[in-house]
>>> print(open('run.txt').read())   # compact mmCIF, C-alpha atoms
# COMPACT_ATOMS: atom_id res chain seq x y z
CA MET A 407 100.35 104.52 123.69
CA ILE A 408 101.13 102.99 120.33
CA LEU A 409 97.73 101.28 120.35
CA TYR A 410 95.84 104.58 120.49
CA ALA A 411 97.97 106.12 117.76
CA SER A 412 96.96 103.31 115.39
CA TRP A 413 93.27 103.75 116.32
CA ILE A 414 93.39 107.46 115.42
CA LEU A 415 95.20 106.76 112.16
CA ILE A 416 92.73 104.06 111.09
CA ILE A 417 89.70 106.30 111.76
CA LEU A 418 91.35 109.14 109.82
CA MET A 419 92.04 106.74 106.92
CA ILE A 420 88.38 105.65 106.73
CA ILE A 421 87.16 109.27 106.74
CA LEU A 422 89.60 110.18 103.95
CA ALA A 423 88.52 107.17 101.87
CA VAL A 424 84.83 108.15 102.12
CA LEU A 425 85.73 111.75 101.20
CA SER A 426 87.74 110.72 98.16
CA VAL A 427 84.72 108.88 96.73
CA GLN A 428 82.35 111.79 97.44
CA PHE A 429 84.27 114.82 96.13
CA LYS A 430 83.06 116.37 92.86
CA ASP A 431 86.36 118.05 92.05
CA LEU A 432 88.52 115.24 90.67
CA ILE A 433 91.86 116.73 91.74
CA ALA A 434 90.65 116.82 95.37
CA ALA A 435 89.55 113.17 95.12
CA VAL A 436 92.97 112.12 93.80
CA VAL A 437 94.78 114.05 96.55
CA ALA A 438 92.65 112.31 99.20
CA MET A 439 93.60 108.97 97.62
CA GLY A 440 97.27 109.92 97.98
CA ALA A 441 96.71 110.71 101.66
CA VAL A 442 95.11 107.25 102.18
CA SER A 443 98.21 105.68 100.59
CA LEU A 444 100.50 107.63 102.91
CA ILE A 445 98.58 106.60 106.05
CA ILE A 446 98.68 102.95 104.94
CA SER A 447 102.47 103.24 104.63
CA LEU A 448 102.63 104.51 108.25
CA LEU A 449 100.45 101.59 109.39
CA PHE A 450 102.84 99.16 107.70
CA LEU A 451 105.59 100.65 109.87
CA PHE A 452 103.51 100.05 113.01
CA LEU A 453 103.12 96.40 111.95
CA GLN A 454 106.96 96.00 111.90
CA ALA A 455 107.32 95.72 108.08
CA PRO A 456 109.85 98.34 106.83
CA ASP A 457 110.32 96.79 103.36
CA VAL A 458 106.63 96.95 102.53
CA ALA A 459 106.32 100.50 103.98
CA MET A 460 109.10 101.74 101.69
CA ALA A 461 107.53 100.06 98.66
CA GLU A 462 104.06 101.49 99.36
CA ALA A 463 105.43 105.01 99.95
CA SER A 464 107.56 105.14 96.79
CA ILE A 465 105.29 103.28 94.36
CA GLY A 466 101.79 103.85 95.73
CA ALA A 467 102.04 107.41 96.98
CA ALA A 468 104.41 108.95 94.44
CA LEU A 469 104.20 107.26 91.03
CA THR A 470 100.50 106.28 91.05
CA MET A 471 99.45 109.77 92.13
CA ALA A 472 101.57 111.35 89.40
CA ILE A 473 99.89 109.14 86.78
CA TYR A 474 96.41 110.03 88.13
CA ILE A 475 97.10 113.78 88.01
CA ILE A 476 98.37 113.52 84.43
CA VAL A 477 95.16 111.67 83.46
CA VAL A 478 92.88 114.25 85.14
CA ARG A 479 94.74 117.05 83.36
CA LYS A 480 94.17 115.42 79.99
CA THR A 481 90.42 114.86 80.58
CA GLU A 482 87.82 116.84 82.50
CA ARG A 483 88.30 118.25 85.94
CA ARG A 484 84.79 118.34 87.37
CA GLU A 485 82.49 115.38 87.62
CA LYS A 486 78.94 116.06 86.47
CA MET B 668 91.37 93.50 115.61
CA ILE B 669 90.98 97.13 114.58
CA TYR B 670 93.32 96.43 111.66
CA TYR B 671 90.99 93.77 110.24
CA VAL B 672 87.97 96.08 110.56
CA GLY B 673 89.83 98.96 108.89
CA ALA B 674 91.03 96.81 105.97
CA PHE B 675 87.57 95.35 105.36
CA LEU B 676 85.95 98.79 105.50
CA LEU B 677 88.40 99.98 102.84
CA ILE B 678 87.46 97.02 100.63
CA GLY B 679 83.76 97.78 101.19
CA ILE B 680 84.16 101.47 100.25
CA GLY B 681 86.07 100.48 97.12
CA LEU B 682 83.34 98.02 96.06
CA TYR B 683 80.69 100.69 96.61
CA ALA B 684 82.62 103.11 94.37
CA ILE B 685 82.95 100.55 91.56
CA ILE B 686 79.23 99.67 91.53
CA ILE B 687 77.53 103.04 92.10
CA LYS B 688 79.69 105.75 90.56
CA LYS B 689 79.36 106.78 86.91
CA ASN B 690 82.62 108.62 86.32
CA LEU B 691 85.50 106.51 84.98
CA ILE B 692 88.10 108.11 87.26
CA LYS B 693 86.02 107.37 90.37
CA ILE B 694 85.93 103.71 89.27
CA LEU B 695 89.75 103.77 89.05
CA ILE B 696 89.93 105.19 92.57
CA GLY B 697 87.71 102.32 93.73
CA LEU B 698 90.11 99.76 92.18
CA ASP B 699 93.03 101.38 94.02
CA LEU B 700 91.13 101.30 97.35
CA ILE B 701 90.40 97.57 97.00
CA ALA B 702 94.08 96.82 96.27
CA SER B 703 95.33 98.86 99.24
CA GLY B 704 92.80 97.30 101.62
CA THR B 705 93.83 93.78 100.58
CA ASN B 706 97.53 94.55 101.10
CA LEU B 707 96.85 95.89 104.60
CA LEU B 708 94.84 92.76 105.45
CA ILE B 709 97.61 90.37 104.32
CA VAL B 710 100.38 92.11 106.29
CA SER B 711 98.28 92.40 109.47
CA ILE B 712 97.66 88.64 109.52
CA GLY B 713 101.37 87.96 110.02
CA TYR B 714 101.86 90.17 113.07
CA VAL B 715 103.14 88.64 116.34
CA ASN B 716 102.66 90.47 119.66
CA GLY B 717 105.97 91.92 120.81
CA GLY B 718 107.76 90.93 117.61
CA THR B 719 110.36 92.89 115.68
CA ALA B 720 111.25 93.38 112.04
CA PRO B 721 112.70 90.29 110.28
CA ILE B 722 116.26 91.56 109.74
CA PHE B 723 119.38 90.18 111.44
CA SER B 724 120.88 93.62 112.02
CA ARG B 725 122.43 93.32 115.48
CA ALA B 726 124.08 90.42 117.22
CA GLY B 727 121.41 90.02 119.90
CA ILE B 728 118.34 89.39 117.74
CA THR B 729 117.26 85.75 117.55
CA ALA B 730 114.79 84.08 115.24
CA LYS B 731 112.17 83.67 117.96
CA MET B 732 111.38 87.38 118.33
CA MET B 733 110.53 88.15 114.71
CA VAL B 734 107.25 88.62 112.87
CA ASP B 735 106.26 86.48 109.91
CA PRO B 736 108.33 87.25 106.77
CA VAL B 737 106.21 85.35 104.21
CA PRO B 738 103.19 87.76 104.02
CA GLN B 739 105.59 90.69 103.63
CA ALA B 740 107.22 89.08 100.58
CA LEU B 741 103.82 88.39 99.00
CA THR B 742 102.61 91.95 99.64
CA LEU B 743 105.72 93.39 97.95
CA THR B 744 104.76 91.61 94.73
CA ALA B 745 101.11 92.64 95.07
CA ILE B 746 101.94 96.36 95.42
CA VAL B 747 104.01 96.45 92.22
CA ILE B 748 101.39 94.53 90.24
CA GLY B 749 98.63 96.86 91.48
CA ALA B 750 100.56 99.91 90.35
CA SER B 751 101.22 98.50 86.87
CA GLU B 752 97.56 97.54 86.39
CA LEU B 753 96.50 101.09 87.32
CA ALA B 754 98.96 102.58 84.80
CA LEU B 755 97.45 100.50 81.99
CA ALA B 756 93.89 101.41 83.03
CA ALA B 757 94.79 105.11 83.11
CA ALA B 758 96.13 104.90 79.53
CA PHE B 759 92.81 103.35 78.47
CA VAL B 760 90.85 106.18 80.13
CA VAL B 761 92.80 108.84 78.20
CA LEU B 762 92.18 107.11 74.89
CA LEU B 763 88.47 106.56 75.64
CA TYR B 764 88.02 110.26 76.41
CA ARG B 765 89.66 111.19 73.16
CA HIS B 766 87.42 108.84 71.16
CA TYR B 767 84.01 109.47 72.78
CA GLY B 768 84.39 112.96 74.22
CA THR B 769 82.90 112.07 77.60
CA LEU B 770 83.80 110.13 80.75
CA ASP B 771 80.27 108.95 81.62
CA ILE B 772 79.96 105.18 81.39
CA LYS B 773 76.25 105.26 80.55
CA LYS B 774 76.99 107.28 77.42
CA ILE B 775 79.98 105.17 76.45
CA ARG B 776 78.01 101.95 76.64
CA SER B 777 75.11 103.26 74.58
CA LEU B 778 77.01 104.93 71.77
CA LYS B 779 77.76 101.66 70.06
CA TRP B 780 74.32 100.23 69.39
CA MET C 67 68.51 106.88 95.71
CA ILE C 68 66.77 103.63 96.61
CA ARG C 69 69.42 101.83 94.56
CA LYS C 70 72.26 103.40 96.54
CA ILE C 71 70.74 102.60 99.93
CA THR C 72 70.01 99.00 98.92
CA TYR C 73 73.56 98.48 97.71
CA ALA C 74 75.00 100.07 100.85
CA ILE C 75 72.97 97.81 103.16
CA PHE C 76 73.86 94.72 101.10
CA LEU C 77 77.59 95.56 101.20
CA GLY C 78 77.35 96.25 104.93
CA ILE C 79 75.90 92.79 105.58
CA ILE C 80 78.66 91.11 103.54
CA ILE C 81 81.48 93.06 105.25
CA THR C 82 80.06 92.35 108.74
CA ALA C 83 79.88 88.64 107.96
CA LEU C 84 83.50 88.66 106.75
CA VAL C 85 84.75 90.50 109.86
CA LEU C 86 82.96 88.03 112.15
CA PHE C 87 84.49 85.16 110.19
CA PHE C 88 87.92 86.63 110.78
CA ALA C 89 87.53 86.35 114.57
CA ALA C 90 88.89 82.82 114.15
CA PHE C 91 92.32 84.35 113.32
CA PRO C 92 93.20 86.17 116.57
CA PHE C 93 95.34 89.22 116.01
CA GLY C 94 98.90 88.89 117.31
CA LYS C 95 99.07 85.17 117.95
CA ASN C 96 102.00 83.24 116.50
CA LYS C 97 100.51 81.34 113.56
CA MET C 98 103.69 80.75 111.56
CA ALA C 99 104.05 77.38 109.91
CA VAL C 100 106.38 77.98 106.94
CA GLY C 101 107.88 81.18 108.39
CA ASN C 102 109.54 79.28 111.24
CA TYR C 103 111.53 77.15 108.79
CA TYR C 104 112.62 80.21 106.78
CA LEU C 105 113.69 82.16 109.89
CA LYS C 106 115.71 79.29 111.35
CA ASN C 107 117.57 78.19 108.20
CA ASP C 108 118.04 81.53 106.50
CA ILE C 109 121.64 82.29 107.49
CA LYS C 110 122.88 78.76 106.74
CA GLN C 111 121.22 78.40 103.36
CA THR C 112 121.34 81.89 101.84
CA GLY C 113 123.56 84.12 103.96
CA ALA C 114 121.37 87.22 103.60
CA ALA C 115 120.68 89.36 106.65
CA ASN C 116 117.30 90.57 105.35
CA VAL C 117 114.91 87.63 105.57
CA VAL C 118 112.28 89.24 103.30
CA THR C 119 114.93 89.54 100.53
CA ALA C 120 115.87 85.89 101.00
CA VAL C 121 112.22 84.81 100.73
CA THR C 122 111.57 87.00 97.68
CA LEU C 123 114.68 86.11 95.69
CA ASP C 124 115.86 82.72 96.88
CA TYR C 125 113.01 80.66 98.28
CA ARG C 126 110.36 82.21 95.99
CA GLY C 127 112.49 83.49 93.13
CA PHE C 128 110.19 82.26 90.38
CA ASP C 129 107.34 84.49 91.59
CA THR C 130 109.62 87.51 91.26
CA LEU C 131 110.32 86.52 87.66
CA GLY C 132 106.55 86.45 87.05
CA GLU C 133 106.14 89.89 88.62
CA VAL C 134 108.88 91.38 86.43
CA SER C 135 107.07 89.94 83.37
CA VAL C 136 103.76 91.55 84.43
CA LEU C 137 105.48 94.92 84.82
CA PHE C 138 107.06 94.53 81.39
CA ALA C 139 103.70 93.67 79.80
CA ALA C 140 102.04 96.74 81.35
CA ALA C 141 104.82 99.10 80.18
CA ALA C 142 104.68 97.60 76.66
CA GLY C 143 100.88 98.02 76.64
CA VAL C 144 101.10 101.71 77.57
CA ALA C 145 103.75 102.28 74.88
CA ILE C 146 101.58 100.58 72.25
CA LEU C 147 98.47 102.60 73.19
CA PHE C 148 100.26 105.93 72.83
CA TYR C 149 102.02 105.16 69.56
CA VAL C 150 101.60 107.88 66.93
CA LEU C 151 101.89 106.75 63.33
CA GLY C 152 103.43 109.58 61.33
CA GLU C 153 104.29 112.42 63.66
CA ASP C 154 102.21 115.56 63.46
CA LYS C 155 104.68 118.40 63.62
CA LYS C 156 102.08 121.12 63.94
CA LYS C 157 100.92 119.86 67.32
CA ARG C 158 104.04 121.00 69.16
CA GLU C 159 102.79 124.18 70.77
CA LYS C 160 104.95 126.70 72.54
CA GLN C 161 105.87 125.46 76.00
CA VAL C 162 105.86 127.68 79.08
CA TYR C 163 108.85 126.95 81.28
CA PRO C 164 108.54 127.14 85.08
CA ASN C 165 110.52 129.69 87.05
CA PHE C 166 114.23 129.81 87.73
CA ILE C 167 114.35 127.96 91.07
CA VAL C 168 112.57 124.88 89.73
CA ARG C 169 114.79 124.66 86.65
CA VAL C 170 118.15 125.03 88.39
CA GLY C 171 117.17 123.21 91.61
CA SER C 172 115.99 120.11 89.79
CA ARG C 173 119.29 119.85 87.94
CA ILE C 174 121.23 120.14 91.21
CA ILE C 175 119.18 117.57 93.11
CA PHE C 176 118.88 114.91 90.36
CA PRO C 177 122.33 113.25 90.91
CA PHE C 178 121.58 112.89 94.62
CA ILE C 179 118.30 111.15 93.87
CA LEU C 180 120.17 108.75 91.56
CA LEU C 181 122.74 108.10 94.29
CA PHE C 182 120.08 107.45 96.92
CA GLY C 183 118.14 105.05 94.71
CA SER C 184 121.31 103.13 93.81
CA TYR C 185 122.25 102.86 97.49
CA ILE C 186 118.87 101.30 98.25
CA PHE C 187 119.03 98.59 95.63
CA ILE C 188 122.70 97.74 96.15
CA HIS C 189 122.22 97.15 99.89
CA GLY C 190 119.00 95.20 99.41
CA HIS C 191 120.15 92.13 101.28
CA LEU C 192 121.43 94.01 104.36
CA THR C 193 118.91 96.78 105.11
CA PRO C 194 115.23 97.25 104.26
CA GLY C 195 114.92 98.07 100.59
CA GLY C 196 115.60 96.26 97.37
CA GLY C 197 115.23 96.51 93.62
CA PHE C 198 111.62 97.65 93.38
CA GLN C 199 111.88 100.45 95.91
CA GLY C 200 115.17 101.78 94.51
CA GLY C 201 113.90 101.64 90.94
CA ALA C 202 110.76 103.60 91.84
CA ILE C 203 112.86 106.31 93.54
CA ILE C 204 115.03 106.71 90.42
CA ALA C 205 111.87 106.97 88.30
CA SER C 206 110.64 109.76 90.60
CA GLY C 207 113.88 111.60 89.85
CA PHE C 208 113.09 111.39 86.14
CA LEU C 209 109.57 112.66 86.84
CA LEU C 210 111.09 115.73 88.49
CA LEU C 211 113.05 116.49 85.31
CA TYR C 212 109.92 116.10 83.19
CA LEU C 213 108.11 118.62 85.37
CA ALA C 214 110.91 121.17 85.20
CA TYR C 215 111.49 120.99 81.42
CA PRO C 216 108.19 120.31 79.64
CA GLY C 217 108.58 119.39 76.01
CA GLU C 218 111.91 117.57 76.36
CA SER C 219 112.31 113.86 76.86
CA VAL C 220 114.94 111.20 77.50
CA ASN C 221 116.40 109.06 74.74
CA ARG C 222 114.03 106.08 74.48
CA LYS C 223 116.48 103.88 72.58
CA ARG C 224 119.03 103.98 75.40
CA LEU C 225 116.32 103.22 77.97
CA SER C 226 115.20 100.16 76.03
CA VAL C 227 118.81 98.91 75.69
CA VAL C 228 119.30 99.18 79.48
CA GLU C 229 116.01 97.42 80.16
CA GLY C 230 116.77 94.57 77.77
CA LEU C 231 120.24 93.97 79.20
CA ALA C 232 118.90 93.92 82.77
CA GLY C 233 116.20 91.37 81.95
CA LEU C 234 118.75 89.26 80.09
CA THR C 235 121.01 89.26 83.18
CA PHE C 236 118.24 87.95 85.41
CA VAL C 237 117.18 85.11 83.12
CA GLY C 238 120.79 84.34 82.13
CA LEU C 239 121.84 83.84 85.77
CA GLY C 240 118.93 81.47 86.27
CA LEU C 241 119.75 79.43 83.18
CA TRP C 242 123.44 79.32 84.14
CA GLY C 243 122.45 77.73 87.43
CA LEU C 244 120.33 75.19 85.56
CA PHE C 245 122.73 74.08 82.84
CA THR C 246 126.29 74.34 84.13
CA GLN C 247 125.88 73.82 87.89
CA GLY C 248 123.60 70.91 87.29
CA ASN C 249 120.95 71.83 89.86
CA SER C 250 117.83 73.92 89.43
CA PHE C 251 116.71 77.18 87.84
CA LEU C 252 117.96 80.20 89.86
CA PHE C 253 120.33 78.12 91.96
CA ASN C 254 122.55 80.17 94.29
CA PHE C 255 126.02 79.17 93.08
CA LEU C 256 128.32 81.97 94.28
CA PRO C 257 129.90 81.69 97.78
CA LYS C 258 127.77 82.72 100.72
CA GLY C 259 130.37 84.93 102.42
CA GLN C 260 130.13 86.47 105.87
CA LEU C 261 126.95 87.91 107.36
CA ASN C 262 126.36 91.68 107.01
CA MET C 263 129.06 92.18 104.38
CA ILE C 264 128.18 93.65 101.02
CA PHE C 265 129.66 90.78 98.99
CA SER C 266 127.62 88.04 100.63
CA ALA C 267 124.54 85.95 99.87
CA GLY C 268 125.65 84.59 96.51
CA ILE C 269 123.85 85.95 93.45
CA LEU C 270 121.20 87.93 95.39
CA PRO C 271 122.84 91.41 95.09
CA ILE C 272 123.42 90.91 91.36
CA ILE C 273 119.78 90.01 90.73
CA TYR C 274 118.55 92.99 92.75
CA ILE C 275 120.82 95.36 90.79
CA ALA C 276 119.36 94.00 87.53
CA ILE C 277 115.79 94.36 88.84
CA GLY C 278 116.52 97.93 90.00
CA PHE C 279 117.66 99.02 86.54
CA LYS C 280 114.74 97.29 84.87
CA VAL C 281 112.04 98.77 87.10
CA ALA C 282 113.54 102.28 86.87
CA SER C 283 113.63 102.27 83.07
CA GLU C 284 110.10 100.85 82.80
CA PHE C 285 108.50 103.39 85.11
CA ALA C 286 110.42 106.19 83.37
CA GLY C 287 109.09 104.90 80.05
CA ILE C 288 105.50 104.90 81.35
CA VAL C 289 105.82 108.50 82.62
CA ASP C 290 107.40 109.60 79.34
CA ASP C 291 104.58 108.05 77.27
CA MET C 292 101.84 109.68 79.30
CA MET C 293 103.35 113.17 79.50
CA CYS C 294 104.74 113.53 76.04
CA GLU C 295 102.76 111.21 73.71
CA ALA C 296 105.54 111.07 71.13
CA VAL C 297 105.76 114.80 70.39
CA CYS C 298 108.67 115.74 72.63
CA ARG C 299 112.09 116.90 71.50
CA GLY C 300 115.08 114.66 72.08
CA GLY C 301 113.32 111.32 72.33
CA GLU C 302 113.68 108.97 69.40
CA LYS C 303 111.46 105.90 69.19
>>> encode(input="run.txt", output="structure tokens")
Amino acid sequence: MILYASWILIILMIILAVLSVQFKDLIAAVVAMGAVSLIISLLFLFLQAPDVAMAEASIGAALTMAIYIIVVRKTERREK
Amino acid sequence: MIYYVGAFLLIGIGLYAIIIKKNLIKILIGLDLIASGTNLLIVSIGYVNGGTAPIFSRAGITAKMMVDPVPQALTLTAIVIGASELALAAAFVVLLYRHYGTLDIKKIRSLKW
Amino acid sequence: MIRKITYAIFLGIIITALVLFFAAFPFGKNKMAVGNYYLKNDIKQTGAANVVTAVTLDYRGFDTLGEVSVLFAAAAGVAILFYVLGEDKKKREKQVYPNFIVRVGSRIIFPFILLFGSYIFIHGHLTPGGGFQGGAIIASGFLLLYLAYPGESVNRKRLSVVEGLAGLTFVGLGLWGLFTQGNSFLFNFLPKGQLNMIFSAGILPIIYIAIGFKVASEFAGIVDDMMCEAVCRGGEK
């Protein structure tokens, strides 16, 4: 049962990564990148690594996304 | 095996975004995708079938049932360094926008000469 | 369009070749060579219950010192890029404060975030966690305060004093092990203690507390530079 849960999560992660490169609205692209980071943190938990999962969730999904959103607010929002 | 395929697909999508896209923020997103894909690849190499987390929390856990602790220590360092490199690149993007007025890399390269 | 399709096919060929090359590392087989030695001799030599902490701070402690230096260089670079020479007082426009729940709720929840982050980096050698994770959680608490009160900032001089003292503690403990104990840099000279107690594993908890303070103040400095850009009230450079 755990094996199929990781298959579904990996396919969802690939779809979200393709979407985050394709979106024209930059805030939507950054939010999709945050979702990829969160799913990678879950996959670290499936691979029996709780230290790395906590580090990825707190640094990769919270602080990096905050910095990206500040940058998009200070520049343009739509990509031409 | 699906973990290796997923990590390499992430690295491939990140490389595509760095080469093709013209917006500076999309290039930053590509850098972040490559870093995350590499971290996933390193941790999934050290996995042992039926293993448990490498912490001596209870009295009944022996050293034979654990997964590899060395890739996890290396990935911890790599995550922090990836985040700090992205913070510096984001500061550069803000200053570039203020100086040139645009985020298109074709215009930024050609404004100089 | 032709360019994009050509690049996509080229990348696809490279990624397929790499995945086929990785079939020589079967997933889930026990391939540990160095990890076996660390798992067997961890309790005797370091006394830490968390093997990842022992590998990061005791067996590979010098790499952690390099990582802390990279983080310091990045935070210093961001601070240099946003430096304003001669402050422009006319740029401080009128700030719009968020509503009542955000303002009061963030002040109530901020001490609990500090407590949670401190718990994670104090118990780094017993449970999953450590200095980097705890420091990032404390920096997220500071980010919450920046969102609730735009236009105000923390005191940058106090943050830099805390960061300097924490870095000095880390390097000072390493040099103490080198010069007075007569062994090597970052030698573990305090007693090992009993397993799963908080005062065990020598100097490992002290180093993780120093790293926690340093990472928290650096990330808070990065967030402050990007949100405020030297025009906020209350922050002196």
>>> residues_around(input="run.txt", residues="range 247-253 of chain C", least_positions_apart="5", cutoff="9 Å", atoms="all atoms listed in the file", output="PyMOL selection string")
chain C and resi 123-124+127-128+236-237+239-242+269
>>> interface_residues(input="run.txt", of="chain C", to="chain B", cutoff="6 Å", atoms="only C-alpha atoms", output="PDB file with C-alpha atoms, in the frame of the given file")
ATOM      1  CA  PHE C  93      95.340  89.220 116.010  1.00  0.00           C
ATOM      2  CA  GLY C  94      98.900  88.890 117.310  1.00  0.00           C
ATOM      3  CA  LYS C  95      99.070  85.170 117.950  1.00  0.00           C
ATOM      4  CA  ASN C  96     102.000  83.240 116.500  1.00  0.00           C
ATOM      5  CA  GLY C 101     107.880  81.180 108.390  1.00  0.00           C
ATOM      6  CA  LEU C 105     113.690  82.160 109.890  1.00  0.00           C
ATOM      7  CA  ALA C 115     120.680  89.360 106.650  1.00  0.00           C
ATOM      8  CA  ASN C 116     117.300  90.570 105.350  1.00  0.00           C
ATOM      9  CA  VAL C 117     114.910  87.630 105.570  1.00  0.00           C
ATOM     10  CA  VAL C 118     112.280  89.240 103.300  1.00  0.00           C
ATOM     11  CA  THR C 122     111.570  87.000  97.680  1.00  0.00           C
ATOM     12  CA  LEU C 137     105.480  94.920  84.820  1.00  0.00           C
ATOM     13  CA  ALA C 140     102.040  96.740  81.350  1.00  0.00           C
ATOM     14  CA  VAL C 144     101.100 101.710  77.570  1.00  0.00           C
TER      15      VAL C 144
END
>>> closest_residue(input="run.txt", among="A:Met471, A:Met419, A:Val477, A:Ala434", to="chain C", atoms="all atoms listed in the file")
A:Val477
>>> interface_residues(input="run.txt", of="chain C", to="chain A", cutoff="10 Å", atoms="only C-alpha atoms", output="ChimeraX atom specification")
/C:116,118-119,190,193-206,209,285-286,288-289,292-293
>>> atom_distance(input="run.txt", atom1="CA of Arg479 in chain A", atom2="CA of Ile433 in chain A")
8.9 Å
>>> residues_around(input="run.txt", residues="Ile772 in chain B", least_positions_apart="6", cutoff="7 Å", atoms="only C-alpha atoms", output="NGL selection string")
:B and (689-691)
>>> residues_around(input="run.txt", residues="Glu482 in chain A", least_positions_apart="4", cutoff="9 Å", atoms="only C-alpha atoms", output="ChimeraX atom specification")
/A:432,478 /B:764,769-770
>>> write_last_selection(input="run.txt", atoms="C-alpha atoms", output="PDB file, in the frame of the given file")
ATOM      1  CA  LEU A 432      88.520 115.240  90.670  1.00  0.00           C
ATOM      2  CA  VAL A 478      92.880 114.250  85.140  1.00  0.00           C
TER       3      VAL A 478
ATOM      4  CA  TYR B 764      88.020 110.260  76.410  1.00  0.00           C
ATOM      5  CA  THR B 769      82.900 112.070  77.600  1.00  0.00           C
ATOM      6  CA  LEU B 770      83.800 110.130  80.750  1.00  0.00           C
TER       7      LEU B 770
END
>>> axis_aligned_box(input="run.txt", around="range 728-743 of chain B", padding_each_side="5 Å", output="JSON")
{"center_x": 110.5, "center_y": 88.5, "center_z": 108.1, "size_x": 25.7, "size_y": 19.7, "size_z": 30.4}
>>> closest_residue(input="run.txt", among="B:Ile775, B:Ile728, B:Ile709, B:Val760", to="chain A", atoms="all atoms listed in the file")
B:Val760
>>> closest_residue(input="run.txt", among="B:Tyr767, B:Lys774, B:Ile692, B:Ala726", to="chain A", atoms="all atoms listed in the file")
B:Ile692
>>> residues_around(input="run.txt", residues="Leu225 in chain C", least_positions_apart="6", cutoff="9 Å", atoms="all atoms listed in the file", output="ChimeraX atom specification")
/C:283-284,286-287
>>> closest_residue(input="run.txt", among="A:Asp431, A:Tyr410, A:Val442, A:Gln454", to="chain B", atoms="only C-alpha atoms")
A:Gln454
>>> closest_residue(input="run.txt", among="A:Ile445, A:Ile416, A:Ile475, A:Ala411", to="chain B", atoms="only C-alpha atoms")
A:Ile416
>>> atom_distance(input="run.txt", atom1="CA of Cys294 in chain C", atom2="CA of Phe148 in chain C")
9.4 Å
>>> atom_distance(input="run.txt", atom1="CA of Glu229 in chain C", atom2="CA of Tyr125 in chain C")
24.9 Å
>>> decode(input="run.txt", residues="range 417-449 of chain A", atoms="C-alpha atoms", output="CSV table (one decimal), in the first residue's frame")
chain,number,residue,atom,x,y,z
A,417,ILE,CA,3.4,11.6,-10.6
A,418,LEU,CA,1.7,14.5,-9.0
A,419,MET,CA,5.1,16.1,-8.3
A,420,ILE,CA,6.1,15.8,-12.0
A,421,ILE,CA,2.8,17.4,-13.2
A,422,LEU,CA,3.2,20.3,-10.7
A,423,ALA,CA,6.8,20.9,-11.8
A,424,VAL,CA,5.8,21.1,-15.5
A,425,LEU,CA,2.9,23.5,-14.6
A,426,SER,CA,5.2,25.8,-12.6
A,427,VAL,CA,7.4,26.3,-15.6
A,428,GLN,CA,4.5,26.9,-18.0
A,429,PHE,CA,2.3,29.4,-16.0
A,430,LYS,CA,2.3,33.0,-17.2
A,431,ASP,CA,1.2,34.4,-13.9
A,432,LEU,CA,4.4,34.5,-11.8
A,433,ILE,CA,2.6,34.1,-8.4
A,434,ALA,CA,0.9,30.9,-9.6
A,435,ALA,CA,4.3,29.6,-10.7
A,436,VAL,CA,5.9,30.3,-7.3
A,437,VAL,CA,3.0,28.6,-5.5
A,438,ALA,CA,3.4,25.5,-7.6
A,439,MET,CA,7.1,25.5,-6.7
A,440,GLY,CA,6.1,25.5,-3.1
A,441,ALA,CA,3.8,22.6,-3.6
A,442,VAL,CA,6.7,20.6,-5.2
A,443,SER,CA,8.9,21.4,-2.2
A,444,LEU,CA,6.1,20.1,0.2
A,445,ILE,CA,5.7,16.8,-1.8
A,446,ILE,CA,9.5,16.3,-1.7
A,447,SER,CA,9.4,16.7,2.1
A,448,LEU,CA,6.7,13.9,2.2
A,449,LEU,CA,8.8,11.7,0.0
